[in-house]
Amino acid sequence: MADQFFARHVGRIKVGLLQTAQYQGYGSWMETHTFLRGEPFSFEDHEYQEVLADDRSAEINVIKCAQIGISEFSIRRALAILQLHAGTTVLYSLPTATFASTFVKTRFDPVIEGSPSLRETLHPGVDSSMVKRFTNDSFLYARGASGTGQAISVPVDFLVNDEVDFSDQGILDTFTSRLTHSPHKGRFRLSTPTIPGWGIADHYDHSQQKVEMVKCNHCNHWFWPEYYKHVRLPGFRGDSLKEITRASLANLNTDDAYVECPKCGLAPSFDVANREWIVKNPDSGFSAIGYHITPFCAPNVITPGYLIKSSTDYDREADFVNFGLGCSMQDAESSLARDEVEACFVRGEPPTSYTTVMGIDMGGLCAIHIGVVMGAGDLVIIHSELCPLSRIEERRRRLKAKYRVLIEVIDGLPYTDIVLRFQSTDPNCWASIFSNIKGLGVWAIRAQEEDETKATARLRQINVNRNKGLDTVMEWVRGGRITFFESDQKDIIVDHIVDMKRVKQFTSNNELEFVWVKSKKGVDHYFFALLYLYLASKLRGLATIAVKLPYLVGKMRHEAPEGRPEGLSNRQSQMDLSKLIGR
């Protein structure tokens with residue numbers, strides 16, 4: 001027991017000496033006090049890590065490719081902070097609590113156990129997969145950033161967010177708020193990217209953007225290596241590396257692949273002396289520092305030939321660009337394109353029908369869609385508007401009367417009191433509530449009958465799987481099952497729909513699935529109103545009062561020679577006119 005106390009005492013003395021001298025920085029501490037595979041940790045072949053280690057900026061954002069050693073580095077950086085700054089707290093977040101716990105056990109613990117100085121200073125009374133204490137009164141907390149989140153009530157000095165794009169952004173913002181009273185307020189974000197303008201890509205965009213340039217040793221030309229622009233494969237005759245498949249690799253020698261200088265056409269040396277970090281946007285004024293770590297930052301670890309071979313292992317090009325190259329990319333699975341949404345707008349006289357439905361997204365500005373349900377269930381939207389919340393009750397009443405709305409679905413939160421007031425006088429008003437519906441279903445009905453003995457009113461609620469519902473709306477828009485008539489709201493509607501993106505995130509159950517998000521500056525009200533309109537069309541058979549509306553008697557004002565409305569896209573022109581006008 002005496003030996004144990006003596007060892008801890010010696011450990012405290014060592015840490016005190018290191019703190020006094022600040023030990024030349026985090027990088028020097030990592031190389032001296034941590035080990036990898038039994039050998040002292042080194043920045044060899046990962047020289048970019050030394051640049052990151054020596055950067056003491058309060059906010060650092062790292063956009064990276066996969067399997068390039070950043071997580072291994074960030075572990076050691078966090079431990080260096082804890083050792084060199086007595087009494088500090090580091091919060092290390094990963095997408096879920098399970099991942100965070102596993103990460104500590106399999107990544108943090110081996111580094112601590114392999115380092116004599118870390119072992120000596122680890123407090124035996126507080127040592128778990130979620131929190132560790134050191135003898136200099138520094139603490140390490142590990143937390144998951146999933147939909148449920150893990151609250152932390154202690155102040156934080158340094159925050160590390162690993163895999164930002166696969167975490168719940170709201171939870172990450174909550175973690176950031178724990179920095180408020182710290183004199184350090186250190187933030188270190190790192191992640192493989194997903195779509196442009198989202199997650200780590202957004203943070204990097206709002207930083208001084210650093211990239212590692214290469215100087216050609218043949219012509220002295222400086223350039224930033226990019227896979228599709230500069231990688232060459234002798235013997236490949238295609239126009240783009242995107243054309244290479246797993247089958248075509250049999251006739252190619254990927255070991256001969258190289259990076260070509262865009263000026264002289266020769267293969268430059270990637271020796272450290274020929275590489276230098278520069279800031280792309282020196283006049284930006286951002287205080288945060290951003291680093292873009294691509295495979296070319298570790299050329300001895302990830303070769304051009306390896307990149308070519310690995311590109312054939314991905315089913316989606318976007319996944320290869322995200323994980324293999326460390327770049328953001330948007331594809332058809334990520335969102336609706338602007339031209340796709342604009343193609344849904346047509347000119348002509350809006351049809352009328354005996355089934356008119358309405359969807360409302362509640363907010364400071366409420367978004368309203370009114371649509372006609374066609375014979376096959378397709379929707380033709382005849383009216384859209386944004387209405388201030390202060391006027392929504394009167395405006396809703398007038399629109400329902402004008403368009404003879406049969407049934408409506410309204411966003412049930414957060415203005416529940418208003419929706420319940422609507423329901424108290426309207427038996428065909430339904431509230432939509434997002435819930436985690438299992439299975440393949442998008443929605444389910446939850447109805448509560450009125451009970452006078454318990455003073456409970458009839459509740460008409462539809463529970464909706466948010467992401468599956470928006471997926472369905474995207475399919476309907478893309479499949480031509482939703483049509484808008486031209487209006488002064490067109491540009492706003494398109495903006496709202498294309499701003500919403502699908503990104504992969506881990507759920508609290510550690511399942512990776514697509515989640516719909518909007519940009520920090522964007523708005524989405526018309527997109528959600530479209531979802532509620534779709535749901536209303538599915539509930540029309542539940543209307544308690546049948547409303548008979550007149551059939552359309554007039555023709556559309558503008559007809560093409562074939563008898564179809566002007567402005568129809570090729571996809572829409574295939575629609576039967578008799579169906580479109582409701583005959």
# chains A, B, ... in the order shown; residues from 1 in each chain; ligands from 1
$ residues_around --residues "segment 274-277 of chain A" --least-positions-apart "2" --cutoff "8 Å" --atoms "only C-alpha atoms" --output "list of chain:residue names"
A:Lys210, A:Val211, A:Glu212, A:Met213, A:Val214, A:Lys215, A:Cys216, A:Asn217, A:Ser269, A:Phe270, A:Asp271, A:Val272, A:Val279
$ atom_distance --atom1 "atom CA of Ala142 of chain A" --atom2 "atom CA of Leu79 of chain A"
12.6 Å
$ select_by_dssp --residues "segment 330-472 of chain A" --states "strand (DSSP E)" --output "PDB file with N, CA and C atoms, in the first residue's frame"
ATOM      1  N   PHE A 345     -44.250  22.475 -61.257  1.00  0.00           N
ATOM      2  CA  PHE A 345     -45.143  23.627 -61.392  1.00  0.00           C
ATOM      3  C   PHE A 345     -45.679  23.708 -62.821  1.00  0.00           C
ATOM      4  N   VAL A 346     -46.981  23.909 -62.938  1.00  0.00           N
ATOM      5  CA  VAL A 346     -47.627  24.016 -64.240  1.00  0.00           C
ATOM      6  C   VAL A 346     -48.500  25.266 -64.269  1.00  0.00           C
ATOM      7  N   THR A 356     -61.067  18.075 -51.458  1.00  0.00           N
ATOM      8  CA  THR A 356     -60.044  19.102 -51.266  1.00  0.00           C
ATOM      9  C   THR A 356     -59.524  18.993 -49.834  1.00  0.00           C
ATOM     10  N   VAL A 357     -58.209  18.973 -49.692  1.00  0.00           N
ATOM     11  CA  VAL A 357     -57.596  18.775 -48.378  1.00  0.00           C
ATOM     12  C   VAL A 357     -56.610  19.901 -48.098  1.00  0.00           C
ATOM     13  N   MET A 358     -56.217  20.020 -46.826  1.00  0.00           N
ATOM     14  CA  MET A 358     -55.323  21.108 -46.430  1.00  0.00           C
ATOM     15  C   MET A 358     -54.276  20.601 -45.441  1.00  0.00           C
ATOM     16  N   GLY A 359     -53.053  21.137 -45.580  1.00  0.00           N
ATOM     17  CA  GLY A 359     -51.986  20.851 -44.632  1.00  0.00           C
ATOM     18  C   GLY A 359     -51.391  22.149 -44.134  1.00  0.00           C
ATOM     19  N   ILE A 360     -51.173  22.246 -42.803  1.00  0.00           N
ATOM     20  CA  ILE A 360     -50.641  23.483 -42.213  1.00  0.00           C
ATOM     21  C   ILE A 360     -49.456  23.143 -41.321  1.00  0.00           C
ATOM     22  N   ASP A 361     -48.341  23.824 -41.557  1.00  0.00           N
ATOM     23  CA  ASP A 361     -47.191  23.746 -40.655  1.00  0.00           C
ATOM     24  C   ASP A 361     -47.209  24.990 -39.783  1.00  0.00           C
ATOM     25  N   LEU A 365     -44.479  32.023 -38.841  1.00  0.00           N
ATOM     26  CA  LEU A 365     -45.181  32.093 -40.119  1.00  0.00           C
ATOM     27  C   LEU A 365     -45.699  30.697 -40.413  1.00  0.00           C
ATOM     28  N   CYS A 366     -46.993  30.547 -40.487  1.00  0.00           N
ATOM     29  CA  CYS A 366     -47.597  29.241 -40.762  1.00  0.00           C
ATOM     30  C   CYS A 366     -47.661  29.021 -42.269  1.00  0.00           C
ATOM     31  N   ALA A 367     -47.220  27.842 -42.701  1.00  0.00           N
ATOM     32  CA  ALA A 367     -47.251  27.503 -44.126  1.00  0.00           C
ATOM     33  C   ALA A 367     -48.499  26.676 -44.410  1.00  0.00           C
ATOM     34  N   ILE A 368     -49.223  27.066 -45.438  1.00  0.00           N
ATOM     35  CA  ILE A 368     -50.498  26.420 -45.768  1.00  0.00           C
ATOM     36  C   ILE A 368     -50.463  25.923 -47.211  1.00  0.00           C
ATOM     37  N   HIS A 369     -50.839  24.660 -47.408  1.00  0.00           N
ATOM     38  CA  HIS A 369     -51.067  24.110 -48.748  1.00  0.00           C
ATOM     39  C   HIS A 369     -52.504  23.607 -48.812  1.00  0.00           C
ATOM     40  N   ILE A 370     -53.180  23.902 -49.903  1.00  0.00           N
ATOM     41  CA  ILE A 370     -54.503  23.350 -50.175  1.00  0.00           C
ATOM     42  C   ILE A 370     -54.408  22.604 -51.493  1.00  0.00           C
ATOM     43  N   GLY A 371     -54.866  21.346 -51.488  1.00  0.00           N
ATOM     44  CA  GLY A 371     -54.718  20.533 -52.686  1.00  0.00           C
ATOM     45  C   GLY A 371     -55.958  19.729 -53.016  1.00  0.00           C
ATOM     46  N   VAL A 372     -56.040  19.369 -54.285  1.00  0.00           N
ATOM     47  CA  VAL A 372     -57.120  18.527 -54.782  1.00  0.00           C
ATOM     48  C   VAL A 372     -56.576  17.119 -54.948  1.00  0.00           C
ATOM     49  N   VAL A 373     -57.322  16.140 -54.451  1.00  0.00           N
ATOM     50  CA  VAL A 373     -56.914  14.739 -54.561  1.00  0.00           C
ATOM     51  C   VAL A 373     -57.542  14.149 -55.815  1.00  0.00           C
ATOM     52  N   LEU A 379     -51.817  14.453 -55.942  1.00  0.00           N
ATOM     53  CA  LEU A 379     -52.193  15.751 -55.386  1.00  0.00           C
ATOM     54  C   LEU A 379     -51.898  16.877 -56.362  1.00  0.00           C
ATOM     55  N   VAL A 380     -52.850  17.734 -56.561  1.00  0.00           N
ATOM     56  CA  VAL A 380     -52.668  18.974 -57.313  1.00  0.00           C
ATOM     57  C   VAL A 380     -52.875  20.122 -56.331  1.00  0.00           C
ATOM     58  N   ILE A 381     -51.827  20.867 -56.056  1.00  0.00           N
ATOM     59  CA  ILE A 381     -51.883  21.932 -55.065  1.00  0.00           C
ATOM     60  C   ILE A 381     -52.373  23.212 -55.731  1.00  0.00           C
ATOM     61  N   ILE A 382     -53.499  23.693 -55.257  1.00  0.00           N
ATOM     62  CA  ILE A 382     -54.152  24.830 -55.911  1.00  0.00           C
ATOM     63  C   ILE A 382     -53.941  26.148 -55.174  1.00  0.00           C
ATOM     64  N   HIS A 383     -53.459  26.073 -53.929  1.00  0.00           N
ATOM     65  CA  HIS A 383     -53.223  27.316 -53.189  1.00  0.00           C
ATOM     66  C   HIS A 383     -52.155  27.076 -52.131  1.00  0.00           C
ATOM     67  N   SER A 384     -51.245  28.052 -52.006  1.00  0.00           N
ATOM     68  CA  SER A 384     -50.208  28.022 -50.968  1.00  0.00           C
ATOM     69  C   SER A 384     -50.013  29.437 -50.447  1.00  0.00           C
ATOM     70  N   GLU A 385     -49.805  29.554 -49.156  1.00  0.00           N
ATOM     71  CA  GLU A 385     -49.519  30.876 -48.595  1.00  0.00           C
ATOM     72  C   GLU A 385     -48.842  30.743 -47.242  1.00  0.00           C
ATOM     73  N   LEU A 386     -48.160  31.821 -46.843  1.00  0.00           N
ATOM     74  CA  LEU A 386     -47.575  31.945 -45.517  1.00  0.00           C
ATOM     75  C   LEU A 386     -48.417  32.928 -44.727  1.00  0.00           C
ATOM     76  N   CYS A 387     -48.824  32.528 -43.531  1.00  0.00           N
ATOM     77  CA  CYS A 387     -49.720  33.357 -42.729  1.00  0.00           C
ATOM     78  C   CYS A 387     -49.123  33.562 -41.338  1.00  0.00           C
ATOM     79  N   PRO A 388     -49.073  34.808 -40.844  1.00  0.00           N
ATOM     80  CA  PRO A 388     -48.578  35.049 -39.479  1.00  0.00           C
ATOM     81  C   PRO A 388     -49.411  34.266 -38.460  1.00  0.00           C
ATOM     82  N   ILE A 407     -60.935  17.795 -45.226  1.00  0.00           N
ATOM     83  CA  ILE A 407     -60.194  17.341 -44.053  1.00  0.00           C
ATOM     84  C   ILE A 407     -58.825  18.012 -44.050  1.00  0.00           C
ATOM     85  N   GLU A 408     -58.260  18.202 -42.881  1.00  0.00           N
ATOM     86  CA  GLU A 408     -56.962  18.868 -42.782  1.00  0.00           C
ATOM     87  C   GLU A 408     -56.101  18.192 -41.732  1.00  0.00           C
ATOM     88  N   VAL A 409     -54.772  18.332 -41.904  1.00  0.00           N
ATOM     89  CA  VAL A 409     -53.799  17.871 -40.914  1.00  0.00           C
ATOM     90  C   VAL A 409     -52.919  19.055 -40.565  1.00  0.00           C
ATOM     91  N   ILE A 410     -52.738  19.286 -39.257  1.00  0.00           N
ATOM     92  CA  ILE A 410     -51.981  20.433 -38.771  1.00  0.00           C
ATOM     93  C   ILE A 410     -50.851  19.944 -37.864  1.00  0.00           C
ATOM     94  N   ASP A 411     -49.741  20.621 -37.937  1.00  0.00           N
ATOM     95  CA  ASP A 411     -48.611  20.357 -37.051  1.00  0.00           C
ATOM     96  C   ASP A 411     -49.079  20.482 -35.601  1.00  0.00           C
ATOM     97  N   CYS A 429     -60.476  18.034 -38.289  1.00  0.00           N
ATOM     98  CA  CYS A 429     -59.145  18.597 -38.080  1.00  0.00           C
ATOM     99  C   CYS A 429     -58.309  17.584 -37.302  1.00  0.00           C
ATOM    100  N   TRP A 430     -57.176  17.198 -37.878  1.00  0.00           N
ATOM    101  CA  TRP A 430     -56.303  16.202 -37.259  1.00  0.00           C
ATOM    102  C   TRP A 430     -54.951  16.832 -36.930  1.00  0.00           C
ATOM    103  N   ALA A 431     -54.402  16.422 -35.786  1.00  0.00           N
ATOM    104  CA  ALA A 431     -53.085  16.906 -35.359  1.00  0.00           C
ATOM    105  C   ALA A 431     -52.033  15.851 -35.677  1.00  0.00           C
ATOM    106  N   SER A 432     -50.912  16.299 -36.250  1.00  0.00           N
ATOM    107  CA  SER A 432     -49.809  15.394 -36.583  1.00  0.00           C
ATOM    108  C   SER A 432     -48.729  15.500 -35.505  1.00  0.00           C
ATOM    109  N   ILE A 433     -48.328  14.358 -34.979  1.00  0.00           N
ATOM    110  CA  ILE A 433     -47.277  14.295 -33.965  1.00  0.00           C
ATOM    111  C   ILE A 433     -46.199  13.334 -34.451  1.00  0.00           C
ATOM    112  N   PHE A 434     -44.946  13.780 -34.430  1.00  0.00           N
ATOM    113  CA  PHE A 434     -43.856  12.902 -34.846  1.00  0.00           C
ATOM    114  C   PHE A 434     -43.558  11.895 -33.741  1.00  0.00           C
ATOM    115  N   TRP A 443     -47.334   6.215 -40.972  1.00  0.00           N
ATOM    116  CA  TRP A 443     -48.199   6.880 -40.010  1.00  0.00           C
ATOM    117  C   TRP A 443     -49.171   5.889 -39.384  1.00  0.00           C
ATOM    118  N   ALA A 444     -49.730   6.295 -38.247  1.00  0.00           N
ATOM    119  CA  ALA A 444     -50.724   5.491 -37.549  1.00  0.00           C
ATOM    120  C   ALA A 444     -51.682   6.423 -36.832  1.00  0.00           C
ATOM    121  N   ILE A 445     -52.937   6.016 -36.765  1.00  0.00           N
ATOM    122  CA  ILE A 445     -53.974   6.852 -36.155  1.00  0.00           C
ATOM    123  C   ILE A 445     -54.071   6.569 -34.661  1.00  0.00           C
ATOM    124  N   ARG A 446     -54.183   7.651 -33.911  1.00  0.00           N
ATOM    125  CA  ARG A 446     -54.450   7.533 -32.479  1.00  0.00           C
ATOM    126  C   ARG A 446     -55.649   8.413 -32.169  1.00  0.00           C
ATOM    127  N   ALA A 447     -56.757   7.798 -31.860  1.00  0.00           N
ATOM    128  CA  ALA A 447     -57.981   8.561 -31.598  1.00  0.00           C
ATOM    129  C   ALA A 447     -58.468   8.291 -30.181  1.00  0.00           C
ATOM    130  N   GLN A 448     -58.937   9.323 -29.532  1.00  0.00           N
ATOM    131  CA  GLN A 448     -59.488   9.207 -28.178  1.00  0.00           C
ATOM    132  C   GLN A 448     -60.884   9.795 -28.203  1.00  0.00           C
ATOM    133  N   LEU A 459     -59.922  13.447 -29.164  1.00  0.00           N
ATOM    134  CA  LEU A 459     -58.597  13.765 -29.691  1.00  0.00           C
ATOM    135  C   LEU A 459     -58.421  13.066 -31.024  1.00  0.00           C
ATOM    136  N   ARG A 460     -58.040  13.835 -32.036  1.00  0.00           N
ATOM    137  CA  ARG A 460     -57.797  13.253 -33.359  1.00  0.00           C
ATOM    138  C   ARG A 460     -56.325  13.495 -33.695  1.00  0.00           C
ATOM    139  N   GLN A 461     -55.533  12.468 -33.511  1.00  0.00           N
ATOM    140  CA  GLN A 461     -54.087  12.586 -33.662  1.00  0.00           C
ATOM    141  C   GLN A 461     -53.579  11.523 -34.625  1.00  0.00           C
ATOM    142  N   ILE A 462     -52.646  11.923 -35.480  1.00  0.00           N
ATOM    143  CA  ILE A 462     -51.988  10.981 -36.366  1.00  0.00           C
ATOM    144  C   ILE A 462     -50.501  10.985 -36.030  1.00  0.00           C
ATOM    145  N   ASN A 463     -49.983   9.834 -35.624  1.00  0.00           N
ATOM    146  CA  ASN A 463     -48.578   9.693 -35.308  1.00  0.00           C
ATOM    147  C   ASN A 463     -47.806   9.395 -36.594  1.00  0.00           C
ATOM    148  N   VAL A 464     -46.710  10.119 -36.775  1.00  0.00           N
ATOM    149  CA  VAL A 464     -45.994  10.053 -38.055  1.00  0.00           C
ATOM    150  C   VAL A 464     -44.506   9.810 -37.807  1.00  0.00           C
TER     151      VAL A 464
END
$ residues_around --residues "segment 177-191 of chain A" --least-positions-apart "3" --cutoff "7 Å" --atoms "only C-alpha atoms" --output "MDAnalysis selection string"
chainID A and resid 58:64 155:165 173:174 200
$ write_last_selection --atoms "C-alpha atoms" --output "compact mmCIF listing (two decimals), in the first residue's frame"
# COMPACT_ATOMS: atom_id res chain seq x y z
CA ALA A 58 -9.60 28.08 -29.31
CA GLU A 59 -11.72 26.59 -32.11
CA ILE A 60 -10.40 24.03 -34.59
CA ASN A 61 -12.58 22.29 -37.21
CA VAL A 62 -11.17 19.27 -39.03
CA ILE A 63 -12.87 17.87 -42.12
CA LYS A 64 -11.22 14.55 -42.91
CA PRO A 155 -18.67 23.13 -16.67
CA VAL A 156 -16.40 22.07 -19.52
CA ASP A 157 -13.07 23.63 -20.53
CA PHE A 158 -12.30 21.69 -23.71
CA LEU A 159 -14.88 20.08 -25.96
CA VAL A 160 -14.01 17.40 -28.52
CA ASN A 161 -16.78 16.42 -30.98
CA ASP A 162 -15.81 13.29 -32.91
CA GLU A 163 -17.87 12.31 -36.00
CA VAL A 164 -19.85 15.55 -36.01
CA ASP A 165 -21.94 14.72 -39.07
CA ASP A 173 -25.03 22.70 -29.33
CA THR A 174 -26.06 21.76 -25.80
CA ILE A 200 -18.33 19.68 -40.24
$ residues_around --residues "Cys219 of chain A" --least-positions-apart "3" --cutoff "10 Å" --atoms "only C-alpha atoms" --output "list in words"
Lys215, Cys216, Trp222, Cys261, Lys263, Cys264, Gly265, Leu266 and Pro268 of chain A
$ write_last_selection --atoms "N, CA and C atoms" --output "CSV table (one decimal), in the first residue's frame"
chain,number,residue,atom,x,y,z
A,215,LYS,N,4.3,21.4,-53.8
A,215,LYS,CA,5.1,22.0,-54.8
A,215,LYS,C,5.8,21.0,-55.7
A,216,CYS,N,5.5,21.1,-57.0
A,216,CYS,CA,6.1,20.1,-57.9
A,216,CYS,C,7.7,20.4,-57.9
A,222,TRP,N,2.9,25.2,-57.4
A,222,TRP,CA,2.2,24.8,-56.2
A,222,TRP,C,0.7,24.4,-56.6
A,261,CYS,N,1.2,16.7,-61.8
A,261,CYS,CA,1.3,18.1,-61.7
A,261,CYS,C,0.5,18.7,-62.8
A,263,LYS,N,0.7,21.5,-64.2
A,263,LYS,CA,1.4,22.4,-65.0
A,263,LYS,C,2.4,21.7,-66.0
A,264,CYS,N,3.2,20.8,-65.4
A,264,CYS,CA,4.2,20.1,-66.3
A,264,CYS,C,3.8,18.7,-66.6
A,265,GLY,N,2.8,18.1,-66.0
A,265,GLY,CA,2.4,16.8,-66.3
A,265,GLY,C,3.2,15.7,-65.7
A,266,LEU,N,4.2,16.0,-64.9
A,266,LEU,CA,5.1,15.0,-64.3
A,266,LEU,C,4.6,14.7,-62.9
A,268,PRO,N,5.0,14.7,-59.1
A,268,PRO,CA,5.9,15.4,-58.1
A,268,PRO,C,6.2,14.6,-56.9
$ residues_around --residues "Phe323 of chain A" --least-positions-apart "2" --cutoff "12 Å" --atoms "only C-alpha atoms" --output "VMD selection string"
chain A and resid 63 to 68 163 165 191 to 195 293 to 295 307 310 to 311 313 to 314 316 to 321 325 to 329
